[in-house]
Amino acid sequence: MPTDAVLSLVSRITPVDARAGERTRAYLDTLTKPPGSLGQLEALAIQLGAITGTATPSVSSPSVVVFAADHGVAEEGVSAFPQAVTAQMVANFANGGAAINVFARQIGARVDVVDVGVAAPLDLPDVIDARVRAGTANFTKADAMSRDETLAAMGAGVAAVERARYAGARTIIVGEMGIANTTASSAMLAVFCAVPVAQVVGAGTGITGAQQAHKVAVIEQAIDARQPDPDDPLAVLGKLGGLEIAAMTGAYFAAALHRLPAIVDGFIATVAALTACRLCPAVRGYLVFGHQSEEPGHLTALEALEAKPLLNLGMRLGEGSGAALAYPLLQAATAMLNEMATFADAGISDKTSP
Ligand SMILES: O=C(O)c1ccc[n+]([C@@H]2O[C@H](COP(=O)([O-])O)[C@@H](O)[C@H]2O)c1
Ligand SMILES: Cc1cc2nc[nH]c2cc1C
C-alpha cells in the first residue's frame, strides 16, 4: 500500500453507530434479568450493537494476526531474553506451538503471522513477509524508524486485516512478538500521557528490579535525545516505537474502517491502540479490551483510553493471547441478546415501580 494511503484511510473511518447501541441497551432491559445484572457483559453487548449497527448483533469468524519485529534498543540490555528469540518464536507460531496457537484453536480462529521487521532473515513459507527493515534503530542513538518506514509498517497492518477479512474474518484479534518491545511501548506511553517513565516501566519478559532501573534510565535518555512532540502521534511512533507497534496501529484502522470488532491484547497492543486513537479518535468505539496485563504501564494506557478490560488473569505474554481468551465473552454477550427470553415472552412480572 502506498505510504500516504494509510493516512487517507483514516479520513474514511466513521464512528460506531451509537443509536444502534442505544437500541441494544433498551432491548437488554426487556430480557428476563434485573436491569444491569449482567454487568460488563451488558456494556459489551451495547458496544457490539454500536459496532455492527444492529440492536441484536452477533459475532463470528475470529481471526488472529500476530505482528513480529525487532528493536534496536535490545542491545541496551533491557529484556530478559536475547533478540534471537523473536525469530525463534515466529518459527514456533508457524509450527502451531505457541500459546496463541493453542488459544486460537480453542476458538476456531486462524493465525496469520506477519514479519514486519524481524532482525534475522526468516525463510518460513507460512509467515507473511511484510518486512520494512531488519528491526528498528536503537532509539537512544537515532529515530527508531523514518516517517516512510512508520507508514509502511502501518500499511502492512492494514493489509493483514484486509487479507484476513477477505478470508472470512469478522472479528479481529491483534497480537505481537518483539523482544524489547515493552521498552518501546513504555517510552511512547510516557510521552503520550506525560507521566514519569518509572510509572510505566515493568519487568517485561522478567527482568530484575536493578535491570528495571536501567530500563528507566535508557528510556529517559532516549526521550531526551529524540524530543518527540506528544501532539504528533506519528512522530512519537516513528521516533520511539516499533514496526510491529505501527502495524498494530494500522490493523486497528482497518478493523474500524470495515466496522469489525478488534480485540486488544495486553500492554504493547494497548499502546498501539492509544496511538491509533490519538491519530483517529473514531477508532476507539471498535476496540474491545481483552485483558489486563501484569505490566504496570498497562493501567496508564487503559486509563488514557477509558477502557475496562474483560479479564484479569495475571498474564503478561502478548501474542494476542489475552485477546483470544476474551473472545468467548463476546460470543456470550451476543448469545445473551439473541437467545434470552423477554419478560413478556416468559410471562414474568417486571420490576415493581417505586
Ligand atoms: O502483552 C503484554 O502485556 C506483555 C507484557 C510483557 C511482555 N510481553 C511480551 O514479551 C516481549 C517483550 O518483553 P521485553 O521484556 O523483551 O520488552 C514481547 O514479545 C511481548 O509480546 C507482553
Ligand atoms: C519465550 C517467549 C515467548 C513470547 N511470546 C511473546 N513474547 C515472548 C517472549 C518470550 C521470551
# chains A, B, ... in the order shown; residues from 1 in each chain; ligands from 1
>>> residues_around(residues="Asp115 (chain A)", least_positions_apart="6", cutoff="6 Å", atoms="only C-alpha atoms", output="CSV table (one decimal) with C-alpha atoms, in the first residue's frame")
chain,number,residue,atom,x,y,z
A,68,ALA,CA,6.6,-9.6,14.7
A,129,ASP,CA,6.7,-11.3,4.5
A,130,ALA,CA,6.0,-7.6,5.0
A,131,ARG,CA,9.5,-6.7,6.2
>>> residues_around(residues="region 53-62 of chain A", least_positions_apart="3", cutoff="7 Å", atoms="only C-alpha atoms", output="PyMOL selection string")
chain A and resi 17+20-21+23-24+48-50+109+168-173+330-331+334+337-338
>>> residues_near_ligand(ligand="ligand 1", cutoff="8 Å", atoms="only C-alpha atoms and all ligand atoms", output="NGL selection string")
:A and (74 or 78-81 or 86 or 175-184 or 202-207 or 265-269 or 292-295 or 298 or 315-320 or 322)
>>> write_last_selection(atoms="N, CA and C atoms", output="compact mmCIF listing (two decimals), in the first residue's frame")
# COMPACT_ATOMS: atom_id res chain seq x y z
N ALA A 74 17.21 -3.30 22.01
CA ALA A 74 17.51 -4.56 22.72
C ALA A 74 18.99 -4.63 23.09
N VAL A 78 17.78 -4.43 27.90
CA VAL A 78 16.52 -4.06 28.55
C VAL A 78 15.53 -5.22 28.64
N SER A 79 15.89 -6.37 28.07
CA SER A 79 14.99 -7.53 28.11
C SER A 79 15.67 -8.69 28.83
N ALA A 80 14.85 -9.61 29.32
CA ALA A 80 15.41 -10.81 29.97
C ALA A 80 15.84 -11.85 28.93
N PHE A 81 15.47 -11.62 27.68
CA PHE A 81 15.76 -12.61 26.62
C PHE A 81 16.54 -11.97 25.47
N THR A 86 12.92 -13.47 19.08
CA THR A 86 11.81 -13.00 18.21
C THR A 86 11.67 -13.95 17.02
N GLY A 175 -2.21 -9.31 17.86
CA GLY A 175 -1.14 -9.67 18.78
C GLY A 175 0.22 -9.28 18.24
N GLU A 176 1.24 -9.43 19.08
CA GLU A 176 2.59 -9.04 18.68
C GLU A 176 3.65 -9.92 19.31
N MET A 177 4.82 -9.87 18.73
CA MET A 177 6.01 -10.54 19.27
C MET A 177 7.21 -9.67 18.92
N GLY A 178 7.99 -9.29 19.92
CA GLY A 178 9.17 -8.48 19.63
C GLY A 178 9.99 -8.26 20.89
N ILE A 179 11.12 -8.91 20.97
CA ILE A 179 11.96 -8.72 22.16
C ILE A 179 12.30 -7.22 22.30
N ALA A 180 12.14 -6.72 23.51
CA ALA A 180 12.38 -5.30 23.89
C ALA A 180 11.22 -4.38 23.55
N ASN A 181 10.09 -4.94 23.11
CA ASN A 181 9.01 -4.01 22.74
C ASN A 181 8.27 -3.40 23.94
N THR A 182 8.48 -3.93 25.16
CA THR A 182 7.91 -3.19 26.31
C THR A 182 8.70 -1.89 26.53
N THR A 183 9.99 -1.89 26.17
CA THR A 183 10.78 -0.65 26.31
C THR A 183 10.24 0.41 25.35
N ALA A 184 10.02 0.04 24.10
CA ALA A 184 9.47 0.98 23.12
C ALA A 184 8.09 1.46 23.56
N GLY A 202 8.02 -1.85 33.52
CA GLY A 202 7.85 -3.06 34.32
C GLY A 202 8.85 -4.12 33.94
N ALA A 203 8.54 -5.34 34.35
CA ALA A 203 9.50 -6.44 34.19
C ALA A 203 9.52 -7.03 32.79
N GLY A 204 8.54 -6.68 31.96
CA GLY A 204 8.53 -7.25 30.60
C GLY A 204 8.59 -8.76 30.66
N THR A 205 9.59 -9.34 29.99
CA THR A 205 9.74 -10.81 29.99
C THR A 205 10.34 -11.34 31.30
N GLY A 206 10.65 -10.43 32.26
CA GLY A 206 11.11 -10.91 33.56
C GLY A 206 12.45 -10.38 34.01
N ILE A 207 12.73 -9.08 33.77
CA ILE A 207 13.99 -8.51 34.26
C ILE A 207 13.88 -8.22 35.75
N ASP A 265 -5.09 -6.80 22.95
CA ASP A 265 -4.44 -7.69 23.91
C ASP A 265 -3.87 -6.88 25.08
N GLY A 266 -2.59 -7.09 25.39
CA GLY A 266 -2.01 -6.52 26.61
C GLY A 266 -1.36 -5.16 26.43
N PHE A 267 -0.23 -4.98 27.10
CA PHE A 267 0.41 -3.66 27.21
C PHE A 267 0.80 -3.09 25.85
N ILE A 268 1.54 -3.84 25.06
CA ILE A 268 2.06 -3.32 23.80
C ILE A 268 0.89 -3.05 22.84
N ALA A 269 -0.04 -3.99 22.79
CA ALA A 269 -1.22 -3.85 21.92
C ALA A 269 -2.05 -2.63 22.31
N GLN A 292 -6.38 -7.46 31.28
CA GLN A 292 -5.49 -6.53 31.99
C GLN A 292 -4.17 -7.25 32.20
N SER A 293 -3.11 -6.70 31.64
CA SER A 293 -1.77 -7.31 31.76
C SER A 293 -1.16 -6.99 33.12
N GLU A 294 -0.21 -7.81 33.53
CA GLU A 294 0.56 -7.56 34.75
C GLU A 294 1.52 -6.39 34.59
N GLU A 295 1.85 -6.08 33.34
CA GLU A 295 2.80 -4.98 33.09
C GLU A 295 2.20 -3.68 33.65
N HIS A 298 0.29 -0.87 31.75
CA HIS A 298 -0.98 -1.15 31.08
C HIS A 298 -2.12 -0.33 31.69
N MET A 315 -1.81 -12.23 33.44
CA MET A 315 -0.98 -12.63 32.29
C MET A 315 -0.10 -11.47 31.82
N ARG A 316 1.02 -11.82 31.17
CA ARG A 316 1.91 -10.80 30.57
C ARG A 316 2.68 -11.43 29.43
N LEU A 317 1.96 -12.14 28.57
CA LEU A 317 2.62 -12.89 27.49
C LEU A 317 2.67 -12.11 26.19
N GLY A 318 1.58 -11.45 25.81
CA GLY A 318 1.50 -10.87 24.47
C GLY A 318 1.01 -11.91 23.48
N GLU A 319 1.36 -11.76 22.21
CA GLU A 319 0.98 -12.67 21.11
C GLU A 319 -0.50 -12.57 20.73
N GLY A 320 -1.29 -11.80 21.48
CA GLY A 320 -2.74 -11.81 21.29
C GLY A 320 -3.42 -12.81 22.21
N GLY A 322 -4.26 -12.90 25.51
CA GLY A 322 -5.36 -12.44 26.37
C GLY A 322 -6.58 -12.02 25.56
>>> select_by_dssp(residues="region 41-127 of chain A", states="alpha helix (DSSP H)", output="VMD selection string")
chain A and resid 41 to 52 84 to 94 99 to 107
>>> residues_around(residues="Ser349 (chain A)", least_positions_apart="5", cutoff="12 Å", atoms="only C-alpha atoms", output="ChimeraX atom specification")
/A:30-34,342-344
>>> select_by_dssp(residues="region 79-326 of chain A", states="strand (DSSP E or B)", output="PyMOL selection string")
chain A and resi 110-117+127-129+171-177+262-264+287-289+291+311
>>> residues_around(residues="Leu240 (chain A)", least_positions_apart="4", cutoff="8 Å", atoms="only C-alpha atoms", output="list of chain:residue names")
A:Phe139, A:Asp143, A:Ala144, A:Ala184, A:Ser185, A:Ala187, A:Met188, A:Ala222, A:Ile223, A:Arg226, A:Val236
>>> write_last_selection(atoms="N, CA and C atoms", output="tab-separated table (two decimals), in the first residue's frame")
chain	number	residue	atom	x	y	z
A	139	PHE	N	16.88	3.44	19.60
A	139	PHE	CA	16.37	4.82	19.70
A	139	PHE	C	17.12	5.70	20.71
A	143	ASP	N	16.42	7.95	15.53
A	143	ASP	CA	14.99	7.65	15.50
A	143	ASP	C	14.81	6.16	15.18
A	144	ALA	N	13.86	5.53	15.84
A	144	ALA	CA	13.63	4.09	15.62
A	144	ALA	C	13.35	3.82	14.14
A	184	ALA	N	10.02	0.04	24.10
A	184	ALA	CA	9.47	0.98	23.12
A	184	ALA	C	8.09	1.46	23.56
A	185	SER	N	7.25	0.54	24.03
A	185	SER	CA	5.88	0.89	24.42
A	185	SER	C	5.88	1.83	25.62
A	187	ALA	N	8.23	3.89	26.50
A	187	ALA	CA	8.74	5.20	26.06
A	187	ALA	C	7.61	5.99	25.39
A	188	MET	N	6.89	5.35	24.49
A	188	MET	CA	5.79	6.04	23.81
A	188	MET	C	4.72	6.50	24.80
A	222	ALA	N	16.60	8.32	25.99
A	222	ALA	CA	16.10	8.31	24.61
A	222	ALA	C	15.08	9.45	24.39
A	223	ILE	N	14.19	9.65	25.38
A	223	ILE	CA	13.18	10.71	25.22
A	223	ILE	C	13.88	12.07	25.16
A	226	ARG	N	15.52	12.27	21.64
A	226	ARG	CA	14.62	12.28	20.46
A	226	ARG	C	13.65	13.46	20.49
A	236	VAL	N	5.83	10.32	17.48
A	236	VAL	CA	6.12	9.54	18.69
A	236	VAL	C	6.34	8.07	18.29
>>> atom_distance(atom1="CA of Pro281 (chain A)", atom2="CA of Ala5 (chain A)")
18.3 Å
>>> decode(residues="region 161-194 of chain A", atoms="C-alpha atoms", output="short mmCIF file (atom, residue, chain, number, x, y, z; two decimals), in the first residue's frame")
data_model
loop_
_atom_site.label_atom_id
_atom_site.label_comp_id
_atom_site.auth_asym_id
_atom_site.auth_seq_id
_atom_site.Cartn_x
_atom_site.Cartn_y
_atom_site.Cartn_z
CA VAL A 161 -6.53 -7.22 8.26
CA GLU A 162 -7.74 -6.82 4.67
CA ARG A 163 -6.31 -10.29 3.91
CA ALA A 164 -7.93 -11.84 6.98
CA ARG A 165 -11.25 -10.18 6.16
CA TYR A 166 -11.12 -11.43 2.59
CA ALA A 167 -10.58 -14.92 4.02
CA GLY A 168 -13.77 -14.52 6.08
CA ALA A 169 -12.65 -12.91 9.35
CA ARG A 170 -15.36 -10.91 11.13
CA THR A 171 -13.63 -10.38 14.48
CA ILE A 172 -10.00 -9.29 14.55
CA ILE A 173 -7.63 -10.34 17.34
CA VAL A 174 -4.39 -8.40 17.26
CA GLY A 175 -1.14 -9.67 18.78
CA GLU A 176 2.59 -9.04 18.68
CA MET A 177 6.01 -10.54 19.27
CA GLY A 178 9.17 -8.48 19.63
CA ILE A 179 11.96 -8.72 22.16
CA ALA A 180 12.38 -5.30 23.89
CA ASN A 181 9.01 -4.01 22.74
CA THR A 182 7.91 -3.19 26.31
CA THR A 183 10.78 -0.65 26.31
CA ALA A 184 9.47 0.98 23.12
CA SER A 185 5.88 0.89 24.42
CA SER A 186 6.82 2.41 27.79
CA ALA A 187 8.74 5.20 26.06
CA MET A 188 5.79 6.04 23.81
CA LEU A 189 3.30 5.91 26.68
CA ALA A 190 5.39 8.16 28.95
CA VAL A 191 5.38 10.77 26.15
CA PHE A 192 1.70 10.40 25.21
CA CYS A 193 0.49 10.62 28.81
CA ALA A 194 3.20 12.95 30.19
#
